[in-house]
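What follows is the content of coords.cif (mmCIF, C-alpha atoms and all ligand atoms).
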```cif
data_upload
loop_
_atom_site.label_atom_id
_atom_site.label_comp_id
_atom_site.auth_asym_id
_atom_site.auth_seq_id
_atom_site.Cartn_x
_atom_site.Cartn_y
_atom_site.Cartn_z
CA MET A 151 92.08 125.19 107.00
CA ILE A 152 93.11 124.63 110.57
CA PRO A 153 96.05 122.25 110.78
CA LYS A 154 95.75 119.33 113.13
CA ASN A 155 98.02 119.25 116.11
CA PRO A 156 101.30 117.89 114.84
CA VAL A 157 102.67 114.71 116.34
CA MET A 158 105.86 115.68 118.10
CA ARG A 159 108.88 113.43 118.42
CA ILE A 160 112.34 113.85 119.85
CA CYS A 161 115.46 113.71 117.68
CA ILE A 162 117.75 111.03 119.13
CA SER A 163 120.77 113.22 118.50
CA CYS A 164 119.99 116.76 119.65
CA ARG A 165 117.05 115.73 121.88
CA LYS A 166 114.94 118.59 120.53
CA THR A 167 111.28 118.07 119.76
CA TYR A 168 110.03 118.35 116.19
CA ASP A 169 106.93 117.73 114.14
CA ARG A 170 107.13 114.08 113.14
CA LYS A 171 106.69 115.03 109.47
CA ASN A 172 110.06 116.76 109.50
CA LEU A 173 111.96 113.88 111.00
CA LEU A 174 113.63 110.87 109.48
CA LYS A 175 111.89 107.91 111.04
CA ILE A 176 113.73 104.63 111.41
CA THR A 177 111.74 101.66 112.62
CA LYS A 178 112.82 98.24 113.72
CA ASP A 179 109.94 96.32 112.20
CA HIS A 180 109.02 93.01 113.82
CA LYS A 181 108.99 91.18 110.53
CA GLN A 182 110.95 93.17 107.99
CA GLY A 183 113.82 94.51 110.04
CA ILE A 184 114.94 98.11 109.80
CA LEU A 185 112.73 100.35 107.68
CA PHE A 186 112.61 104.05 106.85
CA HIS A 187 109.40 106.04 107.25
CA LYS A 188 107.26 102.93 107.76
CA GLY A 189 106.96 99.73 109.72
CA MET A 190 105.64 98.75 113.11
CA GLY A 191 107.86 98.50 116.12
CA ARG A 192 110.42 100.47 118.03
CA SER A 193 111.20 103.71 116.21
CA ALA A 194 113.87 106.35 116.37
CA TYR A 195 113.72 109.82 114.86
CA ILE A 196 116.47 112.03 113.52
CA CYS A 197 115.92 115.66 112.60
CA GLN A 198 117.06 117.20 109.33
CA SER A 199 119.84 119.17 110.88
CA LYS A 200 123.16 118.20 109.33
CA THR A 201 124.86 118.18 112.69
CA CYS A 202 122.48 115.42 113.71
CA TYR A 203 122.24 113.07 110.77
CA SER A 204 125.92 113.35 109.94
CA ASP A 205 126.97 113.05 113.57
CA SER A 206 129.75 110.47 113.88
CA LYS A 207 127.93 108.98 116.87
CA ILE A 208 124.55 108.76 115.16
CA LYS A 209 124.88 105.05 114.39
CA LYS A 210 125.65 104.25 118.00
CA LYS A 211 122.74 106.39 119.12
CA LEU A 212 120.50 104.60 116.64
CA GLN A 213 121.57 101.21 117.88
CA LYS A 214 120.86 102.28 121.42
CA ALA A 215 117.49 103.79 120.53
CA LEU A 216 116.39 100.77 118.51
CA LYS A 217 118.01 98.30 120.92
CA THR A 218 119.51 96.39 118.05
CA ASP A 219 122.78 95.93 116.22
CA LEU A 220 122.65 97.62 112.86
CA GLU A 221 123.75 95.58 109.89
CA PRO A 222 126.39 97.02 107.54
CA GLU A 223 123.68 96.89 104.84
CA PHE A 224 121.56 99.18 106.94
CA ILE A 225 124.40 101.68 107.34
CA GLU A 226 124.72 101.80 103.55
CA ILE A 227 121.02 102.50 103.11
CA PHE A 228 121.15 105.05 105.89
CA GLU A 229 124.01 106.89 104.24
CA LYS A 230 122.14 106.95 100.93
CA GLU A 231 119.09 108.29 102.71
CA ILE A 232 120.95 111.13 104.40
CA LYS A 233 122.65 112.04 101.10
CA THR A 234 119.24 113.01 99.75
CA TYR A 235 119.10 115.48 102.63
CA ASN A 236 122.27 117.10 101.38
CA ASP A 237 120.67 117.43 97.95
CA TYR A 238 117.55 119.01 99.35
CA PRO A 239 118.65 121.01 102.36
CA ASN A 240 116.05 122.06 104.86
CA LYS A 241 115.47 125.71 104.10
CA GLY A 242 113.91 126.30 107.45
CA ILE A 243 110.36 126.72 106.20
ZN ZN B 1 118.54 116.65 115.86
#
```
Take the structure from the file and write it as structure tokens.
Ligand SMILES: [Zn+2]
Amino acid sequence: MIPKNPVMRICISCRKTYDRKNLLKITKDHKQGILFHKGMGRSAYICQSKTCYSDSKIKKKLQKALKTDLEPEFIEIFEKEIKTYNDYPNKGI
């Protein structure tokens, strides 16, 4: 099977380009607010490198990328989300 051309996106932290499938997608949905991996609207992507998603400046970068102020509730959800990354580290496949 020939894989389709992957959709490439830039990590907002390290500015490297990755296959979209390997990135954490955060979308500011028009109706539902901030969503992970779904939604329509302005999106930001973070790669699965620990230096990126646990970057102390990542929240500021996210706010800038999404052009919105992030609610404390969102930060909680975000931190839960990135914890699952620690449980399942990217083995570089
Ligand atoms: Zn990155």
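With the cut-off set to 6 Å and all atoms listed in the file counted, the residues surrounding ligand ZN 1 (chain B) are A:Cys161, A:Ser163, A:Cys164, A:Ile196, A:Cys197, A:Ser199, A:Cys202.
Comparing A:Tyr235, A:Tyr195, A:Pro153, A:His187 by their smallest distance to Thr167 in chain A, the closest is A:Tyr195 (using all atoms listed in the file).
Residue nearest Phe224 in chain A, chosen from A:Ile184, A:Asn172, A:Asp205, A:Lys200 and counting all atoms listed in the file: A:Ile184.
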Find the residues near Thr177 in chain A: any atom within 7 Å, counting all atoms listed in the file, skip ones fewer than 2 places away on the same chain, and give them as a PyMOL selection string.
-> chain A and resi 175+179+184-186+188-194
Between A:Leu173, A:Leu220, A:Met151, A:Ala215, which has the minimum distance to Tyr203 in chain A (counting all atoms listed in the file)?
-> A:Leu173
So that I can see what lies close to Pro222 in chain A, please list as a compact mmCIF listing (two decimals) with C-alpha atoms, in the frame of the given file the residues with an atom at most 12 Å from it, counting all atoms listed in the file and leaving out residues fewer than 4 positions away in the same chain.
```txt
# COMPACT_ATOMS: atom_id res chain seq x y z
CA ILE A 184 114.94 98.11 109.80
CA LYS A 209 124.88 105.05 114.39
CA GLU A 226 124.72 101.80 103.55
CA ILE A 227 121.02 102.50 103.11
CA PHE A 228 121.15 105.05 105.89
CA GLU A 229 124.01 106.89 104.24
```
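For the atom pair formed by CA of Ile232 in chain A and CA of Tyr168 in chain A, the distance is 17.6 Å, given to one decimal.
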Residue with the minimum atom-to-atom distance to Lys233 in chain A, picked from A:Ser206, A:Gln198, A:Gln213, A:Gln182 with all atoms listed in the file counted, is A:Gln198
Between CA of Ile160 in chain A and CA of Lys181 in chain A, what is the spacing in Å?
-> 24.7 Å
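CA of Ile162 in chain A lies 8.2 Å from CA of Ile208 in chain A.
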